Structure formats: C-alpha cells, structure tokens
Amino acid sequence: MAQQHQRPLTEDDPLDDFTARQITLDGIEKKVYVMGRGPAVIVMTEMPGISPHVARFARWVRDAGFTVYMPSLFGRDGAVPGAEEGIAVFKRACVSAEFRAFAANESSPVTQWLRALARLAHAECGGPGVGAIGMCFTGNFALSMMLEPAMLAPVMCQPSLPMDKPEAMNMAPEELAAVRERLEREDLNVMAYRFEGDRHCRAQRFAAFQQALGHRFVARVLPDSAANTQTPPFFAQVVASPHSVVTAHLIDEAGQPTVAARDEILAFFARRLRPSGAVGG
C-alpha cells in the first residue's frame, strides 16, 4: 500500500484533496467527499463527524486502489472531535428521525439514501460491486446496505446502535432475514470489529449478529491493550473506553492489532471488488 502524506491529526483537516460533491438521491441532498480511482468504497463516519482520523482512514482506502465516497452525515466536516461540540452533535443525531438511534427492531431511514449512493457509486466506478464500512453510529448501516445488489463487501466497526439495548441490532427483522438469505445465496461475508472492553458496542451485540447471520458474520475482537490512549477530547472524555478500531484508537505502527485490522479490511475490499484481488498502491 502506498504511503500517504501524513496530515496532523491534532488539527482540523481541510479535506482539500477530496472533491466535495452535492449529491441528491431520493429527493435528499447530502455532501459527499470523493477521491481516488477504482471500485467504489463508501466510508461512513463515526460520531461526531468526519474527523482527521476518519479522513486518514479514507485516504488509506484510496491508497489501496479504490474510489472513496465519504458522505457528510453529521458534525463539522474535518474537525478534531472536541468534547462539548461532539456531545451537541451526538444529541442532535440521537433525536433525528434519520437515524432512529434507540430503535431496536427498525432500520435507520438514512440507510435507504446510502443504498442509493451505493447504486450511484457502482454506476460511476464500475467493477463487480461496492464496499462499505460503517463505524460507531453508522456501524450497522453497512449491513442494511446489503439490501442493495451492488453492495458486496460490508464492514461493521464497533456498531453502536441502538444506544440503550446492548443486545439489539437496529435492523428490521425482515431486512435482517433478507440480508442473511443474500449472504448465503451469494457466498458473501460481513466483517465486524470491536474492542473487548468497548462500553458502546458490547459482546451481546456481536452475539446477536452471530446468531442472526451464522458463519457469515466474521467477528474480530481486539484486546483493550491494543487501543491508542492518545485520543482527541471527545474520545478521551465522552467515549471513555477503547472503541474506534480503525480511527481514533488505531496505533499506526507495524505489528499493532489495529493496523492488522485495517489491512484485513483493505484486503477484504480488494478480494470482493477487484478480480485480481491485489491491494493496489
């Protein structure tokens, strides 16, 4: 994988190497940051928004040979996650009808827009299909997007919805059943990641997904000792546990479990989305 120019993670990221597009789908307009070449991968930000860490991950996806589509779903794009601002974003998202943050057996309405984005991205980029990664608040969305035939490679990082029921899945039962049937029929898998001691994505949630999806749900649980302890204020003060596997809590050093998780995700995208299966540079 080509080494990207490292931008400071402690300063707001201008995102000036992305093309900012206003995309209207199903009558709803959202800003989407696009960069790269190759098959499409949709990178969905964690709470409280597209941070420098999330942008860094998107650039890693680009460097691996993909076109990144990174929709702005909440928060201030490019901002270092501060505690007070992050809490305000979090509270707004929790009461938003778009996310249904406390719905145990309902899918978030925003997933319909994201499925339309997957269709658009596939039409624009070609290839066998599209990949997607959701993190934290958006973690479940990559699975709901499997209702779109263009979606082939879903990754769930620390899926945190619904907020108040650690064993629930934030998906309508009929949608979950349809996704299970498709995974079996097309021999597809869902990759999922969490830290062992994550307070926001607990073992009960992975157990529920495992029961619902069987061996199609491939779970990776990282030890808490693998989490970076030098994190922005929102993660240090509000999240307050190991949580963000490929962003704020990733330790960017060879041999680290979080880097191994990142590389496994990139290899998963390559295997599903590029006939050669090789990670690009």
# chains A, B, ... in the order shown; residues from 1 in each chain; ligands from 1
>>> residues_around(residues="Thr67 (chain A)", least_positions_apart="4", cutoff="6 Å", atoms="only C-alpha atoms", output="ChimeraX atom specification")
/A:35-40,62
>>> residues_around(residues="Ile50 (chain A)", least_positions_apart="3", cutoff="7 Å", atoms="only C-alpha atoms", output="PyMOL selection string")
chain A and resi 45+54-55+77-79
>>> closest_residue(among="A:Ala132, A:Leu15, A:Val95, A:Cys125", to="Arg76 (chain A)", atoms="only C-alpha atoms")
A:Leu15
>>> select_by_dssp(residues="region 84-229 of chain A", states="alpha helix (DSSP H)", output="short mmCIF file (atom, residue, chain, number, x, y, z; two decimals) with all heavy atoms, in the first residue's frame")
data_model
loop_
_atom_site.label_atom_id
_atom_site.label_comp_id
_atom_site.auth_asym_id
_atom_site.auth_seq_id
_atom_site.Cartn_x
_atom_site.Cartn_y
_atom_site.Cartn_z
N GLU A 84 -17.34 19.20 23.98
CA GLU A 84 -18.64 19.89 24.01
C GLU A 84 -19.33 19.86 22.66
O GLU A 84 -20.52 19.56 22.56
CB GLU A 84 -18.45 21.33 24.49
CG GLU A 84 -18.11 21.42 25.97
CD GLU A 84 -18.10 22.88 26.45
OE1 GLU A 84 -18.64 23.75 25.74
OE2 GLU A 84 -17.54 23.13 27.54
N GLU A 85 -18.58 20.18 21.61
CA GLU A 85 -19.16 20.16 20.26
C GLU A 85 -19.62 18.76 19.90
O GLU A 85 -20.68 18.55 19.32
CB GLU A 85 -18.14 20.66 19.25
CG GLU A 85 -18.68 20.75 17.83
CD GLU A 85 -17.65 21.26 16.83
OE1 GLU A 85 -16.47 21.44 17.21
OE2 GLU A 85 -18.04 21.50 15.67
N GLY A 86 -18.80 17.76 20.25
CA GLY A 86 -19.14 16.37 19.95
C GLY A 86 -20.41 15.93 20.66
O GLY A 86 -21.25 15.23 20.07
N ILE A 87 -20.57 16.33 21.91
CA ILE A 87 -21.79 15.99 22.67
C ILE A 87 -23.01 16.61 22.01
O ILE A 87 -24.06 15.97 21.88
CB ILE A 87 -21.66 16.43 24.14
CG1 ILE A 87 -20.63 15.56 24.87
CG2 ILE A 87 -23.01 16.36 24.84
CD1 ILE A 87 -20.27 16.06 26.25
N ALA A 88 -22.88 17.84 21.55
CA ALA A 88 -24.01 18.52 20.89
C ALA A 88 -24.40 17.79 19.59
O ALA A 88 -25.59 17.59 19.31
CB ALA A 88 -23.65 19.97 20.59
N VAL A 89 -23.41 17.38 18.80
CA VAL A 89 -23.68 16.63 17.57
C VAL A 89 -24.35 15.30 17.90
O VAL A 89 -25.33 14.90 17.27
CB VAL A 89 -22.37 16.38 16.80
CG1 VAL A 89 -22.60 15.42 15.63
CG2 VAL A 89 -21.78 17.70 16.30
N PHE A 90 -23.83 14.64 18.90
CA PHE A 90 -24.36 13.35 19.33
C PHE A 90 -25.83 13.47 19.75
O PHE A 90 -26.68 12.66 19.34
CB PHE A 90 -23.51 12.81 20.48
CG PHE A 90 -24.04 11.55 21.11
CD1 PHE A 90 -23.98 10.35 20.44
CD2 PHE A 90 -24.59 11.58 22.39
CE1 PHE A 90 -24.47 9.19 21.02
CE2 PHE A 90 -25.07 10.44 22.98
CZ PHE A 90 -25.02 9.23 22.30
N LYS A 91 -26.13 14.48 20.52
CA LYS A 91 -27.52 14.67 20.99
C LYS A 91 -28.47 14.95 19.83
O LYS A 91 -29.59 14.43 19.79
CB LYS A 91 -27.58 15.80 22.02
CG LYS A 91 -26.99 15.41 23.38
CD LYS A 91 -27.08 16.56 24.36
CE LYS A 91 -26.59 16.15 25.74
NZ LYS A 91 -26.62 17.29 26.69
N ARG A 92 -28.02 15.75 18.87
CA ARG A 92 -28.87 16.03 17.71
C ARG A 92 -29.13 14.76 16.90
O ARG A 92 -30.25 14.51 16.45
CB ARG A 92 -28.21 17.10 16.82
CG ARG A 92 -28.35 18.52 17.34
CD ARG A 92 -28.05 19.55 16.26
NE ARG A 92 -26.69 19.45 15.74
CZ ARG A 92 -25.63 20.06 16.29
NH1 ARG A 92 -25.78 20.80 17.39
NH2 ARG A 92 -24.43 19.95 15.75
N ALA A 93 -28.10 13.97 16.72
CA ALA A 93 -28.25 12.74 15.95
C ALA A 93 -29.17 11.75 16.66
O ALA A 93 -29.95 11.03 16.03
CB ALA A 93 -26.88 12.11 15.68
N CYS A 94 -29.09 11.72 17.98
CA CYS A 94 -29.90 10.77 18.75
C CYS A 94 -31.40 11.02 18.60
O CYS A 94 -32.20 10.08 18.65
CB CYS A 94 -29.51 10.82 20.23
SG CYS A 94 -28.04 9.86 20.61
N VAL A 95 -31.79 12.28 18.41
CA VAL A 95 -33.22 12.59 18.28
C VAL A 95 -33.64 12.71 16.82
O VAL A 95 -34.82 12.94 16.53
CB VAL A 95 -33.59 13.89 19.03
CG1 VAL A 95 -33.30 13.74 20.52
CG2 VAL A 95 -32.84 15.10 18.46
N VAL A 110 -31.93 6.58 6.99
CA VAL A 110 -30.79 7.05 6.18
C VAL A 110 -30.19 5.93 5.36
O VAL A 110 -29.54 6.16 4.33
CB VAL A 110 -29.73 7.71 7.08
CG1 VAL A 110 -28.99 6.68 7.93
CG2 VAL A 110 -28.73 8.53 6.25
N THR A 111 -30.41 4.66 5.77
CA THR A 111 -29.82 3.56 5.01
C THR A 111 -30.42 3.46 3.60
O THR A 111 -29.75 2.96 2.69
CB THR A 111 -30.00 2.21 5.74
OG1 THR A 111 -31.39 1.96 5.97
CG2 THR A 111 -29.26 2.22 7.06
N GLN A 112 -31.65 3.94 3.41
CA GLN A 112 -32.21 3.94 2.06
C GLN A 112 -31.41 4.88 1.15
O GLN A 112 -31.14 4.57 -0.01
CB GLN A 112 -33.68 4.35 2.11
CG GLN A 112 -34.55 3.37 2.87
CD GLN A 112 -36.02 3.80 2.90
OE1 GLN A 112 -36.46 4.58 2.06
NE2 GLN A 112 -36.76 3.29 3.86
N TRP A 113 -31.06 6.06 1.67
CA TRP A 113 -30.24 7.01 0.91
C TRP A 113 -28.86 6.40 0.64
O TRP A 113 -28.33 6.54 -0.47
CB TRP A 113 -30.12 8.32 1.69
CG TRP A 113 -29.54 9.44 0.88
CD1 TRP A 113 -30.23 10.36 0.14
CD2 TRP A 113 -28.14 9.75 0.72
NE1 TRP A 113 -29.34 11.23 -0.47
CE2 TRP A 113 -28.06 10.88 -0.14
CE3 TRP A 113 -26.96 9.19 1.20
CZ2 TRP A 113 -26.85 11.46 -0.51
CZ3 TRP A 113 -25.75 9.75 0.82
CH2 TRP A 113 -25.70 10.87 -0.01
N LEU A 114 -28.30 5.73 1.61
CA LEU A 114 -26.98 5.14 1.45
C LEU A 114 -26.99 4.00 0.43
O LEU A 114 -26.01 3.82 -0.32
CB LEU A 114 -26.45 4.65 2.80
CG LEU A 114 -26.13 5.77 3.80
CD1 LEU A 114 -25.99 5.20 5.21
CD2 LEU A 114 -24.85 6.52 3.39
N ARG A 115 -28.08 3.26 0.36
CA ARG A 115 -28.20 2.24 -0.68
C ARG A 115 -28.25 2.89 -2.07
O ARG A 115 -27.65 2.37 -3.02
CB ARG A 115 -29.44 1.35 -0.45
CG ARG A 115 -29.34 0.51 0.81
CD ARG A 115 -30.29 -0.66 0.79
NE ARG A 115 -31.69 -0.30 0.82
CZ ARG A 115 -32.43 -0.20 1.93
NH1 ARG A 115 -31.88 -0.40 3.12
NH2 ARG A 115 -33.72 0.09 1.85
N ALA A 116 -28.93 4.01 -2.17
CA ALA A 116 -28.97 4.74 -3.44
C ALA A 116 -27.58 5.26 -3.80
O ALA A 116 -27.19 5.26 -4.98
CB ALA A 116 -29.98 5.89 -3.36
N LEU A 117 -26.82 5.68 -2.79
CA LEU A 117 -25.45 6.12 -3.03
C LEU A 117 -24.60 4.96 -3.55
O LEU A 117 -23.77 5.15 -4.45
CB LEU A 117 -24.84 6.71 -1.75
CG LEU A 117 -23.39 7.20 -1.87
CD1 LEU A 117 -23.27 8.34 -2.87
CD2 LEU A 117 -22.86 7.63 -0.49
N ALA A 118 -24.81 3.77 -3.00
CA ALA A 118 -24.07 2.60 -3.48
C ALA A 118 -24.38 2.32 -4.95
O ALA A 118 -23.48 2.01 -5.74
CB ALA A 118 -24.42 1.39 -2.62
N ARG A 119 -25.65 2.47 -5.33
CA ARG A 119 -26.03 2.26 -6.74
C ARG A 119 -25.33 3.28 -7.64
O ARG A 119 -24.80 2.94 -8.70
CB ARG A 119 -27.54 2.38 -6.91
CG ARG A 119 -28.33 1.20 -6.42
CD ARG A 119 -29.77 1.22 -6.92
NE ARG A 119 -30.55 2.35 -6.40
CZ ARG A 119 -31.14 2.36 -5.21
NH1 ARG A 119 -31.02 1.33 -4.38
NH2 ARG A 119 -31.85 3.41 -4.82
N LEU A 120 -25.34 4.55 -7.20
CA LEU A 120 -24.69 5.61 -7.97
C LEU A 120 -23.20 5.36 -8.09
O LEU A 120 -22.61 5.47 -9.17
CB LEU A 120 -24.95 6.97 -7.32
CG LEU A 120 -24.21 8.16 -7.95
CD1 LEU A 120 -24.81 8.49 -9.31
CD2 LEU A 120 -24.27 9.38 -7.03
N ALA A 121 -22.57 5.02 -6.97
CA ALA A 121 -21.12 4.80 -6.96
C ALA A 121 -20.74 3.64 -7.88
O ALA A 121 -19.73 3.70 -8.59
CB ALA A 121 -20.65 4.55 -5.53
N HIS A 122 -21.54 2.59 -7.87
CA HIS A 122 -21.26 1.45 -8.74
C HIS A 122 -21.38 1.86 -10.21
O HIS A 122 -20.55 1.49 -11.05
CB HIS A 122 -22.21 0.29 -8.42
CG HIS A 122 -21.88 -0.97 -9.14
ND1 HIS A 122 -22.83 -1.82 -9.66
CD2 HIS A 122 -20.68 -1.53 -9.46
CE1 HIS A 122 -22.23 -2.84 -10.24
NE2 HIS A 122 -20.93 -2.70 -10.14
N ALA A 123 -22.41 2.64 -10.52
CA ALA A 123 -22.60 3.10 -11.90
C ALA A 123 -21.44 3.98 -12.35
O ALA A 123 -21.00 3.93 -13.50
CB ALA A 123 -23.92 3.87 -12.01
N GLU A 124 -20.90 4.80 -11.43
CA GLU A 124 -19.82 5.71 -11.79
C GLU A 124 -18.46 5.03 -11.86
O GLU A 124 -17.61 5.41 -12.67
CB GLU A 124 -19.75 6.86 -10.78
CG GLU A 124 -20.95 7.80 -10.86
CD GLU A 124 -20.87 8.98 -9.89
OE1 GLU A 124 -20.03 8.95 -8.97
OE2 GLU A 124 -21.64 9.93 -10.08
N CYS A 125 -18.25 4.01 -11.03
CA CYS A 125 -16.91 3.41 -10.90
C CYS A 125 -16.77 2.05 -11.56
O CYS A 125 -15.65 1.60 -11.80
CB CYS A 125 -16.52 3.31 -9.43
SG CYS A 125 -16.42 4.89 -8.58
N PHE A 141 -25.06 0.34 9.46
CA PHE A 141 -25.58 0.74 8.15
C PHE A 141 -24.99 -0.10 7.02
O PHE A 141 -25.65 -0.36 6.02
CB PHE A 141 -25.32 2.22 7.89
CG PHE A 141 -25.97 3.15 8.87
CD1 PHE A 141 -25.70 4.52 8.85
CD2 PHE A 141 -26.88 2.69 9.83
CE1 PHE A 141 -26.29 5.39 9.74
CE2 PHE A 141 -27.48 3.56 10.74
CZ PHE A 141 -27.18 4.92 10.69
N ALA A 142 -23.73 -0.53 7.18
CA ALA A 142 -23.10 -1.32 6.12
C ALA A 142 -23.86 -2.63 5.90
O ALA A 142 -23.94 -3.13 4.78
CB ALA A 142 -21.64 -1.60 6.47
N LEU A 143 -24.43 -3.17 6.97
CA LEU A 143 -25.21 -4.40 6.84
C LEU A 143 -26.56 -4.14 6.18
O LEU A 143 -26.97 -4.87 5.27
CB LEU A 143 -25.41 -5.04 8.21
CG LEU A 143 -26.05 -6.44 8.20
CD1 LEU A 143 -25.15 -7.43 7.47
CD2 LEU A 143 -26.30 -6.92 9.63
N SER A 144 -27.25 -3.08 6.59
CA SER A 144 -28.52 -2.72 5.95
C SER A 144 -28.34 -2.44 4.47
O SER A 144 -29.24 -2.71 3.66
CB SER A 144 -29.13 -1.48 6.63
OG SER A 144 -29.46 -1.74 7.97
N PRO A 173 -36.50 -6.91 11.40
CA PRO A 173 -36.31 -8.37 11.27
C PRO A 173 -36.39 -8.87 9.84
O PRO A 173 -35.60 -9.73 9.44
CB PRO A 173 -37.42 -8.95 12.15
CG PRO A 173 -37.73 -7.88 13.14
CD PRO A 173 -37.51 -6.58 12.42
N GLU A 174 -37.33 -8.31 9.06
CA GLU A 174 -37.47 -8.79 7.68
C GLU A 174 -36.27 -8.40 6.83
O GLU A 174 -35.85 -9.14 5.93
CB GLU A 174 -38.77 -8.28 7.05
CG GLU A 174 -38.88 -6.78 6.88
CD GLU A 174 -39.42 -6.06 8.11
OE1 GLU A 174 -39.46 -6.68 9.21
OE2 GLU A 174 -39.80 -4.88 7.98
N GLU A 175 -35.66 -7.23 7.13
CA GLU A 175 -34.46 -6.82 6.40
C GLU A 175 -33.28 -7.72 6.78
O GLU A 175 -32.49 -8.12 5.93
CB GLU A 175 -34.14 -5.35 6.67
CG GLU A 175 -35.14 -4.39 6.05
CD GLU A 175 -34.66 -2.94 6.06
OE1 GLU A 175 -33.55 -2.68 6.59
OE2 GLU A 175 -35.38 -2.08 5.53
N LEU A 176 -33.17 -8.01 8.08
CA LEU A 176 -32.10 -8.89 8.54
C LEU A 176 -32.21 -10.27 7.89
O LEU A 176 -31.20 -10.84 7.45
CB LEU A 176 -32.15 -9.00 10.06
CG LEU A 176 -30.96 -9.62 10.77
CD1 LEU A 176 -29.68 -8.85 10.49
CD2 LEU A 176 -31.22 -9.68 12.28
N ALA A 177 -33.42 -10.77 7.80
CA ALA A 177 -33.64 -12.08 7.18
C ALA A 177 -33.28 -12.04 5.70
O ALA A 177 -32.68 -12.99 5.16
CB ALA A 177 -35.09 -12.52 7.36
N ALA A 178 -33.63 -10.94 5.02
CA ALA A 178 -33.31 -10.81 3.60
C ALA A 178 -31.80 -10.73 3.38
O ALA A 178 -31.27 -11.31 2.42
CB ALA A 178 -34.00 -9.57 3.02
N VAL A 179 -31.11 -10.04 4.27
CA VAL A 179 -29.65 -9.95 4.17
C VAL A 179 -29.03 -11.33 4.40
O VAL A 179 -28.13 -11.75 3.65
CB VAL A 179 -29.08 -8.91 5.15
CG1 VAL A 179 -27.56 -9.02 5.25
CG2 VAL A 179 -29.48 -7.50 4.74
N ARG A 180 -29.50 -12.05 5.39
CA ARG A 180 -28.98 -13.40 5.67
C ARG A 180 -29.15 -14.30 4.44
O ARG A 180 -28.23 -15.02 4.03
CB ARG A 180 -29.72 -14.01 6.87
CG ARG A 180 -29.52 -15.52 7.09
CD ARG A 180 -28.15 -15.83 7.66
NE ARG A 180 -27.88 -17.25 7.75
CZ ARG A 180 -27.86 -17.94 8.88
NH1 ARG A 180 -28.13 -17.35 10.04
NH2 ARG A 180 -27.55 -19.22 8.88
N GLU A 181 -30.32 -14.22 3.82
CA GLU A 181 -30.59 -15.05 2.65
C GLU A 181 -29.64 -14.70 1.52
O GLU A 181 -29.10 -15.58 0.83
CB GLU A 181 -32.05 -14.86 2.21
CG GLU A 181 -32.55 -15.89 1.20
CD GLU A 181 -32.20 -15.52 -0.24
OE1 GLU A 181 -32.08 -14.31 -0.53
OE2 GLU A 181 -32.05 -16.44 -1.07
N ARG A 182 -29.38 -13.41 1.33
CA ARG A 182 -28.47 -12.99 0.26
C ARG A 182 -27.04 -13.43 0.54
O ARG A 182 -26.32 -13.90 -0.37
CB ARG A 182 -28.52 -11.46 0.08
CG ARG A 182 -27.67 -11.05 -1.10
CD ARG A 182 -27.46 -9.57 -1.26
NE ARG A 182 -26.49 -9.37 -2.33
CZ ARG A 182 -25.75 -8.30 -2.49
NH1 ARG A 182 -25.87 -7.27 -1.66
NH2 ARG A 182 -24.87 -8.23 -3.47
N LEU A 183 -26.59 -13.28 1.78
CA LEU A 183 -25.23 -13.71 2.14
C LEU A 183 -25.04 -15.18 1.82
O LEU A 183 -24.00 -15.59 1.28
CB LEU A 183 -24.96 -13.43 3.62
CG LEU A 183 -24.94 -11.96 4.06
CD1 LEU A 183 -24.86 -11.88 5.58
CD2 LEU A 183 -23.78 -11.20 3.43
N GLU A 184 -26.03 -15.99 2.15
CA GLU A 184 -25.95 -17.43 1.89
C GLU A 184 -25.97 -17.70 0.39
O GLU A 184 -25.16 -18.48 -0.13
CB GLU A 184 -27.11 -18.15 2.57
CG GLU A 184 -27.10 -18.09 4.10
CD GLU A 184 -26.05 -19.02 4.71
OE1 GLU A 184 -25.34 -19.72 3.96
OE2 GLU A 184 -25.94 -19.04 5.95
N ARG A 185 -26.89 -17.06 -0.30
CA ARG A 185 -27.08 -17.33 -1.73
C ARG A 185 -25.85 -16.95 -2.56
O ARG A 185 -25.47 -17.67 -3.49
CB ARG A 185 -28.30 -16.55 -2.24
CG ARG A 185 -28.67 -16.82 -3.70
CD ARG A 185 -29.91 -16.04 -4.13
NE ARG A 185 -29.67 -14.61 -4.26
CZ ARG A 185 -30.17 -13.67 -3.46
NH1 ARG A 185 -30.96 -14.02 -2.45
NH2 ARG A 185 -29.90 -12.40 -3.66
N GLU A 186 -25.21 -15.84 -2.20
CA GLU A 186 -24.09 -15.33 -2.99
C GLU A 186 -22.73 -15.62 -2.35
O GLU A 186 -21.71 -15.14 -2.85
CB GLU A 186 -24.27 -13.83 -3.23
CG GLU A 186 -25.55 -13.49 -4.00
CD GLU A 186 -25.68 -12.01 -4.31
OE1 GLU A 186 -24.64 -11.32 -4.42
OE2 GLU A 186 -26.82 -11.53 -4.42
N ALA A 203 -20.29 -7.17 23.89
CA ALA A 203 -20.25 -8.54 23.37
C ALA A 203 -21.65 -9.04 23.01
O ALA A 203 -21.80 -9.83 22.06
CB ALA A 203 -19.62 -9.46 24.42
N GLN A 204 -22.68 -8.57 23.71
CA GLN A 204 -24.05 -9.04 23.42
C GLN A 204 -24.47 -8.71 21.99
O GLN A 204 -25.22 -9.46 21.37
CB GLN A 204 -25.06 -8.40 24.39
CG GLN A 204 -24.87 -8.80 25.84
CD GLN A 204 -24.12 -7.74 26.63
OE1 GLN A 204 -23.03 -7.34 26.22
NE2 GLN A 204 -24.69 -7.30 27.74
N ARG A 205 -24.01 -7.56 21.47
CA ARG A 205 -24.41 -7.17 20.12
C ARG A 205 -23.78 -8.10 19.08
O ARG A 205 -24.46 -8.55 18.16
CB ARG A 205 -24.03 -5.72 19.84
CG ARG A 205 -24.43 -5.25 18.44
CD ARG A 205 -24.66 -3.76 18.38
NE ARG A 205 -25.75 -3.35 19.23
CZ ARG A 205 -25.75 -2.27 20.01
NH1 ARG A 205 -24.70 -1.47 20.03
NH2 ARG A 205 -26.80 -1.98 20.75
N PHE A 206 -22.51 -8.39 19.26
CA PHE A 206 -21.88 -9.32 18.32
C PHE A 206 -22.51 -10.71 18.42
O PHE A 206 -22.67 -11.40 17.41
CB PHE A 206 -20.37 -9.38 18.58
CG PHE A 206 -19.58 -8.38 17.78
CD1 PHE A 206 -20.12 -7.15 17.43
CD2 PHE A 206 -18.28 -8.65 17.38
CE1 PHE A 206 -19.40 -6.22 16.68
CE2 PHE A 206 -17.54 -7.73 16.63
CZ PHE A 206 -18.10 -6.52 16.29
N ALA A 207 -22.86 -11.11 19.62
CA ALA A 207 -23.52 -12.41 19.80
C ALA A 207 -24.86 -12.44 19.06
O ALA A 207 -25.22 -13.46 18.45
CB ALA A 207 -23.71 -12.71 21.28
N ALA A 208 -25.59 -11.33 19.11
CA ALA A 208 -26.89 -11.26 18.42
C ALA A 208 -26.70 -11.34 16.90
O ALA A 208 -27.45 -12.06 16.21
CB ALA A 208 -27.61 -9.97 18.79
N PHE A 209 -25.70 -10.62 16.39
CA PHE A 209 -25.43 -10.70 14.94
C PHE A 209 -24.97 -12.10 14.55
O PHE A 209 -25.34 -12.62 13.49
CB PHE A 209 -24.37 -9.66 14.54
CG PHE A 209 -24.92 -8.29 14.32
CD1 PHE A 209 -24.53 -7.22 15.11
CD2 PHE A 209 -25.84 -8.04 13.31
CE1 PHE A 209 -25.03 -5.94 14.89
CE2 PHE A 209 -26.37 -6.77 13.09
CZ PHE A 209 -25.96 -5.72 13.89
N GLN A 210 -24.16 -12.71 15.41
CA GLN A 210 -23.69 -14.07 15.13
C GLN A 210 -24.87 -15.04 15.05
O GLN A 210 -24.94 -15.90 14.15
CB GLN A 210 -22.72 -14.53 16.21
CG GLN A 210 -21.88 -15.73 15.82
CD GLN A 210 -20.64 -15.34 15.04
OE1 GLN A 210 -19.79 -14.62 15.55
NE2 GLN A 210 -20.53 -15.80 13.79
N GLN A 211 -25.81 -14.88 15.95
CA GLN A 211 -26.99 -15.74 15.95
C GLN A 211 -27.85 -15.49 14.71
O GLN A 211 -28.39 -16.42 14.11
CB GLN A 211 -27.82 -15.52 17.20
CG GLN A 211 -29.01 -16.47 17.33
CD GLN A 211 -29.71 -16.34 18.67
OE1 GLN A 211 -29.42 -15.42 19.45
NE2 GLN A 211 -30.62 -17.25 18.96
N ALA A 212 -27.96 -14.23 14.31
CA ALA A 212 -28.81 -13.88 13.17
C ALA A 212 -28.20 -14.27 11.83
O ALA A 212 -28.92 -14.64 10.89
CB ALA A 212 -29.10 -12.38 13.19
N LEU A 213 -26.86 -14.20 11.74
CA LEU A 213 -26.20 -14.37 10.44
C LEU A 213 -25.33 -15.62 10.35
O LEU A 213 -24.81 -15.94 9.27
CB LEU A 213 -25.35 -13.14 10.12
CG LEU A 213 -26.10 -11.80 10.06
CD1 LEU A 213 -25.12 -10.65 9.88
CD2 LEU A 213 -27.13 -11.80 8.94
#
>>> select_by_dssp(residues="region 24-261 of chain A", states="strand (DSSP E or B)", output="PyMOL selection string")
chain A and resi 24-25+28-36+40-43+67-71+130-135+151-157+190-195+217-222
>>> closest_residue(among="A:Pro257, A:Gly131, A:Pro166, A:Pro71", to="Pro154 (chain A)", atoms="only C-alpha atoms")
A:Gly131
>>> residues_around(residues="Thr231 (chain A)", least_positions_apart="4", cutoff="10 Å", atoms="only C-alpha atoms", output="PyMOL selection string")
chain A and resi 9-10+53+81+227+235-237+240+247-250
>>> atom_distance(atom1="CA of His200 (chain A)", atom2="CA of Ser108 (chain A)")
17.8 Å
>>> closest_residue(among="A:Gly197, A:Ala104, A:Ser244, A:Phe74", to="Asp224 (chain A)", atoms="only C-alpha atoms")
A:Gly197
>>> residues_around(residues="Gln256 (chain A)", least_positions_apart="3", cutoff="12 Å", atoms="only C-alpha atoms", output="PDB file with N, CA and C atoms, in the first residue's frame")
ATOM      1  N   LEU A 222     -10.693  -7.190  19.441  1.00  0.00           N
ATOM      2  CA  LEU A 222      -9.321  -6.804  19.768  1.00  0.00           C
ATOM      3  C   LEU A 222      -9.174  -6.565  21.265  1.00  0.00           C
ATOM      4  N   PRO A 223      -8.006  -6.874  21.832  1.00  0.00           N
ATOM      5  CA  PRO A 223      -7.793  -6.604  23.260  1.00  0.00           C
ATOM      6  C   PRO A 223      -7.748  -5.107  23.526  1.00  0.00           C
ATOM      7  N   SER A 225      -5.798  -3.570  25.306  1.00  0.00           N
ATOM      8  CA  SER A 225      -4.408  -3.104  25.331  1.00  0.00           C
ATOM      9  C   SER A 225      -3.924  -2.653  23.957  1.00  0.00           C
ATOM     10  N   ALA A 226      -4.685  -2.997  22.890  1.00  0.00           N
ATOM     11  CA  ALA A 226      -4.300  -2.613  21.531  1.00  0.00           C
ATOM     12  C   ALA A 226      -4.785  -1.215  21.155  1.00  0.00           C
ATOM     13  N   ALA A 227      -5.528  -0.566  22.048  1.00  0.00           N
ATOM     14  CA  ALA A 227      -6.120   0.738  21.732  1.00  0.00           C
ATOM     15  C   ALA A 227      -5.160   1.881  22.052  1.00  0.00           C
ATOM     16  N   ASN A 228      -5.102   2.831  21.149  1.00  0.00           N
ATOM     17  CA  ASN A 228      -4.319   4.051  21.356  1.00  0.00           C
ATOM     18  C   ASN A 228      -4.903   4.831  22.538  1.00  0.00           C
ATOM     19  N   VAL A 245     -11.769   1.256  16.184  1.00  0.00           N
ATOM     20  CA  VAL A 245     -10.723   0.318  15.792  1.00  0.00           C
ATOM     21  C   VAL A 245      -9.798   0.878  14.718  1.00  0.00           C
ATOM     22  N   VAL A 246     -10.353   1.526  13.686  1.00  0.00           N
ATOM     23  CA  VAL A 246      -9.504   1.956  12.566  1.00  0.00           C
ATOM     24  C   VAL A 246      -9.323   3.474  12.502  1.00  0.00           C
ATOM     25  N   HIS A 249      -8.587   5.133  17.880  1.00  0.00           N
ATOM     26  CA  HIS A 249      -7.868   4.203  18.755  1.00  0.00           C
ATOM     27  C   HIS A 249      -6.867   3.316  18.011  1.00  0.00           C
ATOM     28  N   LEU A 250      -6.684   3.578  16.713  1.00  0.00           N
ATOM     29  CA  LEU A 250      -5.676   2.837  15.949  1.00  0.00           C
ATOM     30  C   LEU A 250      -4.286   3.337  16.309  1.00  0.00           C
ATOM     31  N   ILE A 251      -3.360   2.407  16.518  1.00  0.00           N
ATOM     32  CA  ILE A 251      -1.948   2.746  16.732  1.00  0.00           C
ATOM     33  C   ILE A 251      -1.224   2.480  15.427  1.00  0.00           C
ATOM     34  N   ASP A 252      -0.781   3.539  14.776  1.00  0.00           N
ATOM     35  CA  ASP A 252      -0.224   3.437  13.423  1.00  0.00           C
ATOM     36  C   ASP A 252       1.236   3.021  13.468  1.00  0.00           C
ATOM     37  N   GLU A 253       1.442   1.768  13.871  1.00  0.00           N
ATOM     38  CA  GLU A 253       2.788   1.190  13.926  1.00  0.00           C
ATOM     39  C   GLU A 253       2.714  -0.252  13.448  1.00  0.00           C
ATOM     40  N   VAL A 259      -3.620  -2.008  13.225  1.00  0.00           N
ATOM     41  CA  VAL A 259      -3.111  -1.925  11.854  1.00  0.00           C
ATOM     42  C   VAL A 259      -3.412  -3.226  11.109  1.00  0.00           C
ATOM     43  N   ALA A 260      -3.297  -4.350  11.809  1.00  0.00           N
ATOM     44  CA  ALA A 260      -3.652  -5.636  11.192  1.00  0.00           C
ATOM     45  C   ALA A 260      -5.127  -5.662  10.809  1.00  0.00           C
ATOM     46  N   ALA A 261      -5.974  -5.076  11.651  1.00  0.00           N
ATOM     47  CA  ALA A 261      -7.412  -4.997  11.329  1.00  0.00           C
ATOM     48  C   ALA A 261      -7.632  -4.118  10.103  1.00  0.00           C
ATOM     49  N   ARG A 262      -6.973  -2.975  10.066  1.00  0.00           N
ATOM     50  CA  ARG A 262      -7.083  -2.101   8.890  1.00  0.00           C
ATOM     51  C   ARG A 262      -6.679  -2.836   7.624  1.00  0.00           C
ATOM     52  N   ASP A 263      -5.545  -3.526   7.675  1.00  0.00           N
ATOM     53  CA  ASP A 263      -5.047  -4.214   6.488  1.00  0.00           C
ATOM     54  C   ASP A 263      -5.972  -5.359   6.077  1.00  0.00           C
TER      55      ASP A 263
END
>>> atom_distance(atom1="CA of Arg216 (chain A)", atom2="CA of Asp187 (chain A)")
8.2 Å
>>> residues_around(residues="Ser107 (chain A)", least_positions_apart="4", cutoff="6 Å", atoms="only C-alpha atoms", output="number ranges by chain")
A: 170-172
